[in-house]
>>> print(open('entry.csv').read())   # CSV, C-alpha atoms
chain,number,residue,atom,x,y,z
A,257,MET,CA,0.0,0.0,0.0
A,258,PRO,CA,1.4,3.5,-0.8
A,259,SER,CA,2.6,5.4,2.2
A,260,THR,CA,0.9,8.6,1.0
A,261,LEU,CA,-1.9,9.5,-1.3
A,262,THR,CA,0.4,11.4,-3.7
A,263,ASP,CA,2.6,8.2,-4.2
A,264,LEU,CA,-0.2,7.1,-6.5
A,265,PHE,CA,0.0,9.8,-9.2
A,266,ARG,CA,2.3,12.5,-10.7
A,267,TYR,CA,-0.3,15.3,-10.8
A,268,PRO,CA,-2.8,16.2,-8.1
A,269,ILE,CA,-5.7,15.3,-10.4
A,270,VAL,CA,-8.3,12.6,-9.7
A,271,GLN,CA,-11.0,11.7,-12.2
A,272,ALA,CA,-14.2,11.3,-10.3
A,273,PRO,CA,-16.1,8.0,-10.4
A,274,MET,CA,-19.3,8.9,-12.2
A,275,ALA,CA,-21.7,6.0,-11.8
A,276,GLY,CA,-24.3,5.2,-14.4
A,277,GLY,CA,-22.5,7.0,-17.3
A,278,ALA,CA,-19.2,8.6,-18.0
A,279,SER,CA,-16.8,6.4,-16.0
A,280,CYS,CA,-15.3,3.5,-18.1
A,281,PRO,CA,-12.0,1.7,-18.4
A,282,GLN,CA,-10.9,3.8,-21.4
A,283,LEU,CA,-11.4,7.0,-19.5
A,284,ALA,CA,-9.7,5.7,-16.3
A,285,ALA,CA,-6.7,4.4,-18.3
A,286,ALA,CA,-6.2,7.6,-20.2
A,287,VAL,CA,-6.2,9.7,-17.0
A,288,SER,CA,-3.9,7.3,-15.1
A,289,ASP,CA,-1.5,7.0,-17.9
A,290,ALA,CA,-1.3,10.8,-18.2
A,291,GLY,CA,-0.3,11.1,-14.6
A,292,GLY,CA,-3.6,11.5,-12.8
A,293,LEU,CA,-5.7,8.9,-10.9
A,294,GLY,CA,-8.4,7.3,-13.0
A,295,PHE,CA,-11.5,5.8,-11.3
A,296,LEU,CA,-14.1,3.2,-12.2
A,297,ALA,CA,-17.6,3.5,-10.7
A,298,ALA,CA,-19.0,0.2,-9.4
A,299,GLY,CA,-22.3,1.8,-8.6
A,300,TYR,CA,-25.3,0.5,-10.5
A,301,LYS,CA,-23.2,-2.4,-11.8
A,302,THR,CA,-23.3,-6.1,-10.8
A,303,ALA,CA,-20.3,-7.5,-9.0
A,304,ASP,CA,-19.4,-9.4,-12.2
A,305,GLY,CA,-19.8,-6.3,-14.3
A,306,MET,CA,-17.5,-4.4,-12.0
A,307,TYR,CA,-14.9,-7.2,-12.2
A,308,GLU,CA,-15.1,-7.2,-16.0
A,309,GLU,CA,-14.4,-3.5,-16.1
A,310,ILE,CA,-11.4,-4.0,-13.7
A,311,LYS,CA,-10.0,-6.7,-16.0
A,312,HIS,CA,-10.5,-4.5,-19.0
A,313,LEU,CA,-8.8,-1.5,-17.3
A,314,ARG,CA,-5.8,-3.7,-16.3
A,315,GLY,CA,-5.4,-4.7,-19.9
A,316,LEU,CA,-5.2,-1.0,-20.9
A,317,THR,CA,-2.8,0.3,-18.2
A,318,GLY,CA,-0.4,-0.7,-15.5
A,319,ALA,CA,-0.8,2.6,-13.7
A,320,PRO,CA,-2.6,2.9,-10.4
A,321,PHE,CA,-6.4,3.4,-10.5
A,322,GLY,CA,-9.4,3.4,-8.1
A,323,VAL,CA,-12.8,1.7,-7.8
A,324,ASN,CA,-15.7,3.5,-6.1
A,325,VAL,CA,-18.3,1.5,-4.2
A,326,PHE,CA,-21.8,2.6,-3.0
A,327,MET,CA,-22.6,1.8,0.6
A,328,PRO,CA,-25.9,-0.1,1.1
A,329,GLN,CA,-28.9,2.0,1.8
A,330,THR,CA,-31.3,1.6,4.7
A,331,ARG,CA,-35.0,1.2,3.9
A,332,HIS,CA,-36.7,4.3,5.2
A,333,ALA,CA,-38.8,5.5,2.3
A,334,ASP,CA,-42.5,6.0,2.7
A,335,ARG,CA,-43.9,3.4,0.3
A,336,ALA,CA,-47.1,5.4,-0.2
A,337,ALA,CA,-45.1,8.4,-1.2
A,338,VAL,CA,-43.1,6.3,-3.7
A,339,GLU,CA,-46.3,4.9,-5.2
A,340,LEU,CA,-47.8,8.4,-5.5
A,341,TYR,CA,-44.8,9.7,-7.3
A,342,ARG,CA,-44.8,6.6,-9.5
A,343,SER,CA,-48.4,7.4,-10.5
A,344,GLN,CA,-47.5,11.0,-11.3
A,345,LEU,CA,-44.9,9.7,-13.8
A,346,ALA,CA,-47.4,7.5,-15.7
A,347,GLY,CA,-47.8,10.2,-18.3
A,348,GLU,CA,-44.0,10.2,-18.8
A,349,ALA,CA,-44.0,6.5,-19.4
A,350,ASP,CA,-46.8,6.8,-22.0
A,351,TRP,CA,-45.0,9.6,-23.8
A,352,TYR,CA,-41.8,7.7,-24.0
A,353,ASP,CA,-43.5,4.4,-24.7
A,354,THR,CA,-41.9,2.6,-21.9
A,355,ARG,CA,-42.7,1.1,-18.5
A,356,LEU,CA,-41.8,2.5,-15.1
A,357,GLY,CA,-39.2,0.5,-13.1
A,358,ASP,CA,-39.8,-1.6,-10.0
A,359,PRO,CA,-38.9,0.4,-6.9
A,360,GLU,CA,-38.2,-2.9,-5.0
A,361,THR,CA,-35.3,-3.8,-7.3
A,362,GLY,CA,-32.7,-3.6,-4.5
A,363,TRP,CA,-31.0,-1.5,-1.8
A,364,ASP,CA,-27.4,-2.9,-1.4
A,365,ASP,CA,-26.1,-2.5,-4.9
A,366,GLY,CA,-24.3,-5.8,-4.6
A,367,TYR,CA,-22.1,-4.4,-1.8
A,368,GLU,CA,-20.9,-7.6,-0.2
A,369,ALA,CA,-20.2,-9.4,-3.5
A,370,LYS,CA,-18.2,-6.3,-4.7
A,371,LEU,CA,-16.2,-6.2,-1.5
A,372,ALA,CA,-15.4,-9.9,-1.8
A,373,ILE,CA,-14.0,-9.4,-5.3
A,374,LEU,CA,-12.0,-6.3,-4.4
A,375,LEU,CA,-10.5,-8.2,-1.4
A,376,ASP,CA,-9.8,-11.4,-3.3
A,377,ASP,CA,-8.1,-9.5,-6.3
A,378,PRO,CA,-7.1,-6.2,-4.8
A,379,VAL,CA,-6.9,-2.9,-6.7
A,380,PRO,CA,-4.7,0.1,-5.8
A,381,VAL,CA,-7.5,2.3,-4.4
A,382,VAL,CA,-11.1,1.7,-3.2
A,383,SER,CA,-13.4,4.6,-2.2
A,384,PHE,CA,-16.8,4.6,-0.6
A,385,THR,CA,-19.8,6.9,-1.2
A,386,PHE,CA,-23.2,7.3,0.7
A,387,GLY,CA,-21.7,6.3,4.0
A,388,CYS,CA,-18.7,4.8,5.8
A,389,PRO,CA,-17.9,1.2,6.3
A,390,PRO,CA,-17.0,-0.2,9.8
A,391,ARG,CA,-13.4,-0.4,11.0
A,392,LYS,CA,-13.2,-4.1,10.1
A,393,VAL,CA,-13.7,-3.4,6.4
A,394,PHE,CA,-10.9,-0.9,6.3
A,395,GLU,CA,-8.6,-3.3,8.3
A,396,ARG,CA,-9.3,-6.0,5.6
A,397,PHE,CA,-8.4,-3.6,2.8
A,398,HIS,CA,-5.3,-2.5,4.6
A,399,ARG,CA,-4.1,-6.1,4.9
A,400,ALA,CA,-4.8,-6.5,1.1
A,401,GLY,CA,-2.6,-3.5,0.4
A,402,THR,CA,-5.4,-1.3,-0.8
A,403,TYR,CA,-5.5,2.5,-0.2
A,404,THR,CA,-9.0,3.6,1.0
A,405,ALA,CA,-11.0,6.8,0.9
A,406,VAL,CA,-14.5,7.9,1.9
A,407,THR,CA,-16.6,10.7,0.4
A,408,VAL,CA,-17.6,13.2,3.0
A,409,THR,CA,-19.7,16.4,2.9
A,410,THR,CA,-19.2,17.6,6.5
A,411,PRO,CA,-16.5,17.7,9.2
A,412,GLU,CA,-18.6,15.2,11.2
A,413,GLU,CA,-18.6,12.7,8.4
A,414,ALA,CA,-14.8,13.2,8.0
A,415,ARG,CA,-14.4,12.4,11.7
A,416,ALA,CA,-16.4,9.2,11.3
A,417,ALA,CA,-14.2,8.2,8.4
A,418,GLN,CA,-11.0,8.8,10.4
A,419,TRP,CA,-12.3,6.9,13.4
A,420,SER,CA,-13.2,3.9,11.2
A,421,GLY,CA,-9.8,3.8,9.7
A,422,ALA,CA,-10.0,5.3,6.2
A,423,ASP,CA,-6.7,6.5,4.7
A,424,ALA,CA,-8.1,9.6,3.1
A,425,VAL,CA,-11.3,11.6,2.6
A,426,CYS,CA,-12.8,13.0,-0.6
A,427,VAL,CA,-14.4,16.3,0.5
A,428,GLN,CA,-17.4,16.9,-1.7
A,429,SER,CA,-19.0,20.4,-1.6
A,430,VAL,CA,-22.4,21.7,-2.6
A,431,GLU,CA,-21.0,22.8,-6.1
A,432,ALA,CA,-20.4,19.2,-7.1
A,433,GLY,CA,-22.4,17.6,-9.9
A,434,GLY,CA,-24.2,14.3,-9.5
A,435,HIS,CA,-25.3,12.9,-6.1
A,436,GLN,CA,-24.3,14.5,-2.9
A,437,GLY,CA,-22.4,11.8,-1.0
A,438,THR,CA,-24.0,12.5,2.3
A,439,HIS,CA,-23.9,9.7,4.9
A,440,LYS,CA,-27.4,10.5,6.1
A,441,ASP,CA,-30.1,11.6,3.7
A,442,ASP,CA,-31.8,14.5,5.5
A,443,PRO,CA,-34.4,16.4,3.4
A,444,ALA,CA,-34.1,19.4,5.7
A,445,ALA,CA,-30.5,19.8,4.5
A,446,ASP,CA,-31.2,19.8,0.8
A,447,GLY,CA,-29.1,22.5,-0.9
A,448,ALA,CA,-27.6,23.6,2.3
A,449,GLY,CA,-24.1,22.2,1.7
A,450,ILE,CA,-20.9,24.1,2.3
A,451,GLY,CA,-18.7,25.7,-0.4
A,452,LEU,CA,-15.5,23.9,-1.3
A,453,LEU,CA,-12.8,26.1,0.1
A,454,SER,CA,-14.6,26.6,3.4
A,455,LEU,CA,-15.4,22.9,3.6
A,456,VAL,CA,-11.8,21.8,2.9
A,457,LEU,CA,-10.6,24.2,5.7
A,458,GLN,CA,-13.1,22.9,8.1
A,459,VAL,CA,-12.3,19.2,7.4
A,460,LYS,CA,-8.6,19.9,7.7
A,461,ASP,CA,-9.3,21.4,11.1
A,462,ALA,CA,-11.3,18.4,12.1
A,463,VAL,CA,-9.2,15.4,11.0
A,464,GLU,CA,-5.6,14.5,10.1
A,465,LEU,CA,-6.4,12.6,7.0
A,466,PRO,CA,-5.2,13.6,3.5
A,467,VAL,CA,-8.0,15.5,1.6
A,468,VAL,CA,-9.1,15.2,-2.0
A,469,ALA,CA,-11.2,18.3,-2.8
A,470,ALA,CA,-14.3,17.8,-5.1
A,471,GLY,CA,-16.9,20.3,-6.3
A,472,GLY,CA,-17.2,22.4,-9.4
A,473,ILE,CA,-13.5,22.3,-10.3
A,474,MET,CA,-12.8,22.9,-14.0
A,475,ARG,CA,-9.5,24.8,-14.2
A,476,GLY,CA,-6.0,24.5,-12.9
A,477,SER,CA,-6.4,27.7,-11.0
A,478,GLN,CA,-9.1,26.1,-8.9
A,479,ILE,CA,-6.8,23.0,-8.3
A,480,ALA,CA,-4.1,25.4,-7.1
A,481,ALA,CA,-6.7,27.1,-4.8
A,482,VAL,CA,-7.7,23.9,-3.1
A,483,LEU,CA,-4.0,22.8,-2.7
A,484,ALA,CA,-3.3,26.2,-1.1
A,485,VAL,CA,-5.9,25.5,1.6
A,486,GLY,CA,-4.6,22.1,2.4
A,487,ALA,CA,-5.9,19.5,-0.1
A,488,GLU,CA,-3.5,17.0,-1.5
A,489,ALA,CA,-5.4,16.7,-4.8
A,490,ALA,CA,-8.5,17.7,-6.6
A,491,GLN,CA,-11.2,15.4,-8.0
A,492,LEU,CA,-13.0,16.5,-11.2
A,493,GLY,CA,-16.1,14.9,-12.7
A,494,THR,CA,-17.9,17.3,-15.0
A,495,ALA,CA,-14.5,18.3,-16.6
A,496,PHE,CA,-13.8,14.7,-17.6
A,497,LEU,CA,-17.4,13.9,-18.6
A,498,VAL,CA,-17.0,15.7,-21.9
A,499,THR,CA,-13.7,14.1,-22.8
A,500,ASP,CA,-13.3,11.8,-25.9
A,501,GLU,CA,-13.0,8.7,-23.8
A,502,SER,CA,-16.0,9.4,-21.5
A,503,ALA,CA,-18.8,6.9,-21.9
A,504,ALA,CA,-21.4,9.6,-21.2
A,505,PRO,CA,-24.1,9.9,-23.9
A,506,ASP,CA,-23.4,12.5,-26.6
A,507,LEU,CA,-26.6,14.3,-25.5
A,508,HIS,CA,-25.2,14.7,-22.0
A,509,LYS,CA,-21.9,15.9,-23.2
A,510,GLN,CA,-23.4,18.5,-25.6
A,511,ALA,CA,-25.8,19.7,-22.8
A,512,MET,CA,-22.8,20.9,-20.7
A,513,THR,CA,-22.3,23.9,-22.9
A,514,ASN,CA,-25.6,24.1,-24.7
A,515,PRO,CA,-27.1,27.6,-24.0
A,516,LEU,CA,-30.5,26.0,-23.6
A,517,PHE,CA,-29.4,24.8,-20.2
A,518,THR,CA,-28.5,27.9,-18.2
A,519,ARG,CA,-28.1,26.6,-14.6
A,520,THR,CA,-27.9,23.6,-12.3
A,521,GLU,CA,-30.0,22.7,-9.3
A,522,ILE,CA,-30.0,20.0,-6.6
A,523,THR,CA,-33.0,17.7,-7.1
A,524,ARG,CA,-34.5,14.4,-6.0
A,525,ALA,CA,-36.5,14.1,-9.3
A,526,PHE,CA,-34.5,11.3,-10.8
A,527,SER,CA,-33.3,9.2,-7.9
A,528,GLY,CA,-35.0,10.2,-4.7
A,529,ARG,CA,-31.6,11.5,-3.3
A,530,PRO,CA,-30.2,15.0,-3.7
A,531,ALA,CA,-28.1,15.3,-6.9
A,532,ARG,CA,-27.0,18.3,-8.9
A,533,GLY,CA,-27.8,18.5,-12.6
A,534,LEU,CA,-28.8,20.8,-15.4
A,535,VAL,CA,-32.3,22.1,-15.0
A,536,ASN,CA,-34.5,20.5,-17.7
A,537,ARG,CA,-38.3,19.9,-18.1
A,538,PHE,CA,-38.4,16.7,-16.0
A,539,MET,CA,-36.6,18.4,-13.1
A,540,ARG,CA,-38.9,21.4,-13.2
A,541,GLU,CA,-42.1,19.4,-13.4
A,542,HIS,CA,-41.3,16.6,-11.0
A,543,GLY,CA,-38.6,17.8,-8.7
A,544,PRO,CA,-41.0,19.5,-6.3
A,545,TYR,CA,-42.9,16.3,-5.8
A,546,ALA,CA,-40.1,13.7,-5.6
A,547,PRO,CA,-39.9,11.9,-2.2
A,548,GLN,CA,-36.9,11.0,-0.1
A,549,ALA,CA,-36.6,7.5,-1.5
A,550,TYR,CA,-33.3,6.3,-2.7
A,551,PRO,CA,-32.8,4.0,-4.6
A,552,GLU,CA,-36.5,3.4,-5.1
A,553,VAL,CA,-37.0,6.5,-7.2
A,554,HIS,CA,-33.8,5.7,-9.1
A,555,HIS,CA,-35.2,2.3,-10.1
A,556,VAL,CA,-38.6,3.8,-11.0
A,557,THR,CA,-37.1,6.4,-13.4
A,558,SER,CA,-34.3,4.3,-14.9
A,559,PRO,CA,-36.4,3.1,-17.9
A,560,LEU,CA,-37.7,6.6,-18.5
A,561,ARG,CA,-34.2,8.1,-18.6
A,562,ARG,CA,-33.1,5.3,-21.0
A,563,ALA,CA,-36.1,5.9,-23.3
A,564,ALA,CA,-35.5,9.6,-23.3
A,565,MET,CA,-31.9,9.1,-24.4
A,566,LYS,CA,-33.0,6.7,-27.1
A,567,ALA,CA,-35.5,9.3,-28.3
A,568,GLY,CA,-32.8,11.9,-28.4
A,569,ASP,CA,-34.6,14.0,-25.8
A,570,PRO,CA,-32.4,15.5,-23.1
A,571,GLN,CA,-35.4,17.1,-21.3
A,572,ALA,CA,-36.0,13.8,-19.4
A,573,MET,CA,-32.5,12.7,-18.9
A,574,ALA,CA,-30.5,13.1,-15.7
A,575,LEU,CA,-28.0,15.6,-16.9
A,576,TRP,CA,-25.7,15.5,-13.9
A,577,ALA,CA,-23.4,18.5,-13.9
A,578,GLY,CA,-21.4,20.6,-11.4
A,579,GLN,CA,-21.7,24.4,-11.2
A,580,GLY,CA,-18.8,24.9,-13.5
A,581,HIS,CA,-20.3,23.0,-16.4
A,582,ARG,CA,-20.1,25.9,-18.9
A,583,LEU,CA,-16.3,25.7,-18.6
A,584,ALA,CA,-16.2,22.2,-20.0
A,585,ARG,CA,-13.6,21.6,-22.6
A,586,ALA,CA,-14.0,18.7,-25.1
A,587,MET,CA,-10.7,17.0,-25.7
A,588,PRO,CA,-8.9,13.7,-25.1
A,589,ALA,CA,-8.7,12.9,-21.4
A,590,ALA,CA,-4.8,12.7,-21.4
A,591,ARG,CA,-4.7,16.2,-23.0
A,592,LEU,CA,-7.0,17.6,-20.3
A,593,VAL,CA,-4.7,16.2,-17.6
A,594,GLU,CA,-1.8,17.9,-19.3
A,595,VAL,CA,-3.7,21.2,-19.6
A,596,LEU,CA,-4.9,21.1,-16.0
A,597,ALA,CA,-1.4,20.3,-14.7
A,598,ALA,CA,0.1,23.2,-16.7
A,599,GLU,CA,-2.6,25.6,-15.4
A,600,THR,CA,-2.1,24.4,-11.9
A,601,ASP,CA,1.7,25.0,-12.1
A,602,ALA,CA,1.2,28.4,-13.5
A,603,ALA,CA,-1.4,29.4,-10.9
A,604,ARG,CA,0.8,28.1,-8.0
A,605,ALA,CA,3.8,30.0,-9.4
A,606,ALA,CA,1.7,33.2,-9.6
A,607,MET,CA,0.6,32.7,-6.0
A,608,SER,CA,4.3,32.2,-4.9
A,609,LEU,CA,5.3,35.4,-6.7
A,610,GLY,CA,2.4,37.3,-5.1
A,611,SER,CA,3.4,36.1,-1.6
A,612,ASP,CA,7.0,37.3,-2.3
A,613,ALA,CA,6.0,40.7,-3.4
>>> encode(input="entry.csv", output="structure tokens")
Amino acid sequence: MPSTLTDLFRYPIVQAPMAGGASCPQLAAAVSDAGGLGFLAAGYKTADGMYEEIKHLRGLTGAPFGVNVFMPQTRHADRAAVELYRSQLAGEADWYDTRLGDPETGWDDGYEAKLAILLDDPVPVVSFTFGCPPRKVFERFHRAGTYTAVTVTTPEEARAAQWSGADAVCVQSVEAGGHQGTHKDDPAADGAGIGLLSLVLQVKDAVELPVVAAGGIMRGSQIAAVLAVGAEAAQLGTAFLVTDESAAPDLHKQAMTNPLFTRTEITRAFSGRPARGLVNRFMREHGPYAPQAYPEVHHVTSPLRRAAMKAGDPQAMALWAGQGHRLARAMPAARLVEVLAAETDAARAAMSLGSDA
């Protein structure tokens, strides 16, 4: 196991694991080979599907990479609320000529089976989202030589990760695209997250773990800023979503800079859990009525989202995006790593000159 986080990569650039879309072996390999840290997203995949992607990635690169795993979700949703929301989506199903999904599909995302594979055939890095495993899980990964991290959104979650034995925390702020990685889903806290620089400083004050900063980062100057306040690396999702190797649908990539989509919001419309995406028709019409019900709502809307993509209609797709989406640059992933690294170096040099003046 590496002694420090930065032993894993040349540049302080981590490609975010984007479940259900952009993350794929080709993207992770391109980022890792270029000197960053590529990630696979195990979320929404079967354990066998995850393993096949790991094998594919190993065939593409010998560089370190990571795999992100979703923590199992407790069943707390109001079933009546889920059924009511499902009935409200009946018209959408008719319009896209599809059926709504079964909310009872599953809650654990194959968690135990994925852990068994990752412990039997270890990868360099494993991270966890939507919660924190118990200490015994981290101890098993440490014995396997795997570096571990936990997504956190508050100092309290960071303390829990440190107490449990994680090697690092990925500090995700309110600006981040996709799902908020909160350990507890509290509707009263929707949209009330902390900005990235403030959150990094608070987490650094609360724990002694290395910090990876995530949330709206699109340029090297932002990477330099989070490094200046104590992060060891920056994690970027939306920036890599539009790269050539990304497996995100073309409609999703194009929407990042399409003037039709002017802003992002945090919504429960597509999954029942808070997630930031481009505001489209589906989000406007159904977001106000979506219940706290993850992954039930995710399962219900999955066929709708696939049908909308097949129909070429981004207005009913989950267009996950961070607040910096308009700064997206379409290019090969390796080139983006090089550009970001150069921008980071230039910004840090400028900071140094400024401090010497």
>>> closest_residue(input="entry.csv", among="A:Ala511, A:Leu483, A:Gln548, A:Arg540", to="A:Asp446", atoms="all atoms listed in the file")
A:Gln548
>>> closest_residue(input="entry.csv", among="A:Val270, A:Ala487, A:Ala584, A:Leu560", to="A:Val459", atoms="all atoms listed in the file")
A:Ala487
>>> residues_around(input="entry.csv", residues="stretch 309-318 of chain A", least_positions_apart="4", cutoff="8 Å", atoms="all atoms listed in the file", output="list of chain:residue names")
A:Cys280, A:Pro281, A:Gln282, A:Ala284, A:Ala285, A:Ser288, A:Asp289, A:Leu296, A:Gly305
>>> write_last_selection(input="entry.csv", atoms="C-alpha atoms", output="compact mmCIF listing (two decimals), in the frame of the given file")
# COMPACT_ATOMS: atom_id res chain seq x y z
CA CYS A 280 -15.30 3.50 -18.10
CA PRO A 281 -12.00 1.70 -18.40
CA GLN A 282 -10.90 3.80 -21.40
CA ALA A 284 -9.70 5.70 -16.30
CA ALA A 285 -6.70 4.40 -18.30
CA SER A 288 -3.90 7.30 -15.10
CA ASP A 289 -1.50 7.00 -17.90
CA LEU A 296 -14.10 3.20 -12.20
CA GLY A 305 -19.80 -6.30 -14.30
>>> residues_around(input="entry.csv", residues="A:Ala603", least_positions_apart="5", cutoff="10 Å", atoms="all atoms listed in the file", output="ChimeraX atom specification")
/A:475-481,597-598,608-609
>>> residues_around(input="entry.csv", residues="A:Lys460", least_positions_apart="2", cutoff="10 Å", atoms="all atoms listed in the file", output="PyMOL selection string")
chain A and resi 411+414+427+454-458+462-467+485-487
>>> atom_distance(input="entry.csv", atom1="atom CA of A:Phe394", atom2="atom CA of A:Gly277")
27.5 Å
>>> build_atoms(input="entry.csv", residues="stretch 318-340 of chain A", atoms="N, CA and C atoms", output="mmCIF file, in the coordinates of the input")
data_model
loop_
_atom_site.group_PDB
_atom_site.id
_atom_site.type_symbol
_atom_site.label_atom_id
_atom_site.label_comp_id
_atom_site.auth_asym_id
_atom_site.auth_seq_id
_atom_site.Cartn_x
_atom_site.Cartn_y
_atom_site.Cartn_z
ATOM 1 N N GLY A 318 -0.980 -0.167 -16.705
ATOM 2 C CA GLY A 318 -0.400 -0.700 -15.500
ATOM 3 C C GLY A 318 -0.288 0.322 -14.408
ATOM 4 N N ALA A 319 -0.841 1.517 -14.662
ATOM 5 C CA ALA A 319 -0.800 2.600 -13.700
ATOM 6 C C ALA A 319 -1.845 2.410 -12.601
ATOM 7 N N PRO A 320 -1.634 3.006 -11.430
ATOM 8 C CA PRO A 320 -2.600 2.900 -10.400
ATOM 9 C C PRO A 320 -3.987 3.469 -10.766
ATOM 10 N N PHE A 321 -5.053 2.906 -10.207
ATOM 11 C CA PHE A 321 -6.400 3.400 -10.500
ATOM 12 C C PHE A 321 -7.258 3.070 -9.233
ATOM 13 N N GLY A 322 -8.461 3.592 -9.227
ATOM 14 C CA GLY A 322 -9.400 3.400 -8.100
ATOM 15 C C GLY A 322 -10.704 2.791 -8.560
ATOM 16 N N VAL A 323 -11.431 2.219 -7.594
ATOM 17 C CA VAL A 323 -12.800 1.700 -7.800
ATOM 18 C C VAL A 323 -13.660 2.297 -6.692
ATOM 19 N N ASN A 324 -14.777 2.898 -7.058
ATOM 20 C CA ASN A 324 -15.700 3.500 -6.100
ATOM 21 C C ASN A 324 -16.888 2.564 -5.855
ATOM 22 N N VAL A 325 -17.241 2.367 -4.594
ATOM 23 C CA VAL A 325 -18.300 1.500 -4.200
ATOM 24 C C VAL A 325 -19.383 2.251 -3.436
ATOM 25 N N PHE A 326 -20.665 1.991 -3.746
ATOM 26 C CA PHE A 326 -21.800 2.600 -3.000
ATOM 27 C C PHE A 326 -22.028 1.788 -1.734
ATOM 28 N N MET A 327 -22.226 2.491 -0.624
ATOM 29 C CA MET A 327 -22.600 1.800 0.600
ATOM 30 C C MET A 327 -24.097 1.405 0.512
ATOM 31 N N PRO A 328 -24.480 0.289 1.145
ATOM 32 C CA PRO A 328 -25.900 -0.100 1.100
ATOM 33 C C PRO A 328 -26.766 0.933 1.785
ATOM 34 N N GLN A 329 -27.996 1.035 1.299
ATOM 35 C CA GLN A 329 -28.900 2.000 1.800
ATOM 36 C C GLN A 329 -29.954 1.373 2.735
ATOM 37 N N THR A 330 -30.277 2.053 3.818
ATOM 38 C CA THR A 330 -31.300 1.600 4.700
ATOM 39 C C THR A 330 -32.680 1.859 4.139
ATOM 40 N N ARG A 331 -33.639 1.013 4.443
ATOM 41 C CA ARG A 331 -35.000 1.200 3.900
ATOM 42 C C ARG A 331 -35.767 2.130 4.845
ATOM 43 N N HIS A 332 -35.923 3.374 4.410
ATOM 44 C CA HIS A 332 -36.700 4.300 5.200
ATOM 45 C C HIS A 332 -37.719 5.080 4.433
ATOM 46 N N ALA A 333 -37.861 4.769 3.160
ATOM 47 C CA ALA A 333 -38.800 5.500 2.300
ATOM 48 C C ALA A 333 -40.235 5.197 2.677
ATOM 49 N N ASP A 334 -41.094 6.189 2.519
ATOM 50 C CA ASP A 334 -42.500 6.000 2.700
ATOM 51 C C ASP A 334 -43.057 5.383 1.394
ATOM 52 N N ARG A 335 -43.484 4.120 1.501
ATOM 53 C CA ARG A 335 -43.900 3.400 0.300
ATOM 54 C C ARG A 335 -45.090 4.077 -0.390
ATOM 55 N N ALA A 336 -45.963 4.673 0.402
ATOM 56 C CA ALA A 336 -47.100 5.400 -0.200
ATOM 57 C C ALA A 336 -46.646 6.570 -1.003
ATOM 58 N N ALA A 337 -45.616 7.266 -0.492
ATOM 59 C CA ALA A 337 -45.100 8.400 -1.200
ATOM 60 C C ALA A 337 -44.430 7.980 -2.521
ATOM 61 N N VAL A 338 -43.757 6.832 -2.490
ATOM 62 C CA VAL A 338 -43.100 6.300 -3.700
ATOM 63 C C VAL A 338 -44.201 5.958 -4.736
ATOM 64 N N GLU A 339 -45.257 5.300 -4.289
ATOM 65 C CA GLU A 339 -46.300 4.900 -5.200
ATOM 66 C C GLU A 339 -47.045 6.143 -5.783
ATOM 67 N N LEU A 340 -47.212 7.170 -4.960
ATOM 68 C CA LEU A 340 -47.800 8.400 -5.500
ATOM 69 C C LEU A 340 -46.962 9.034 -6.532
#
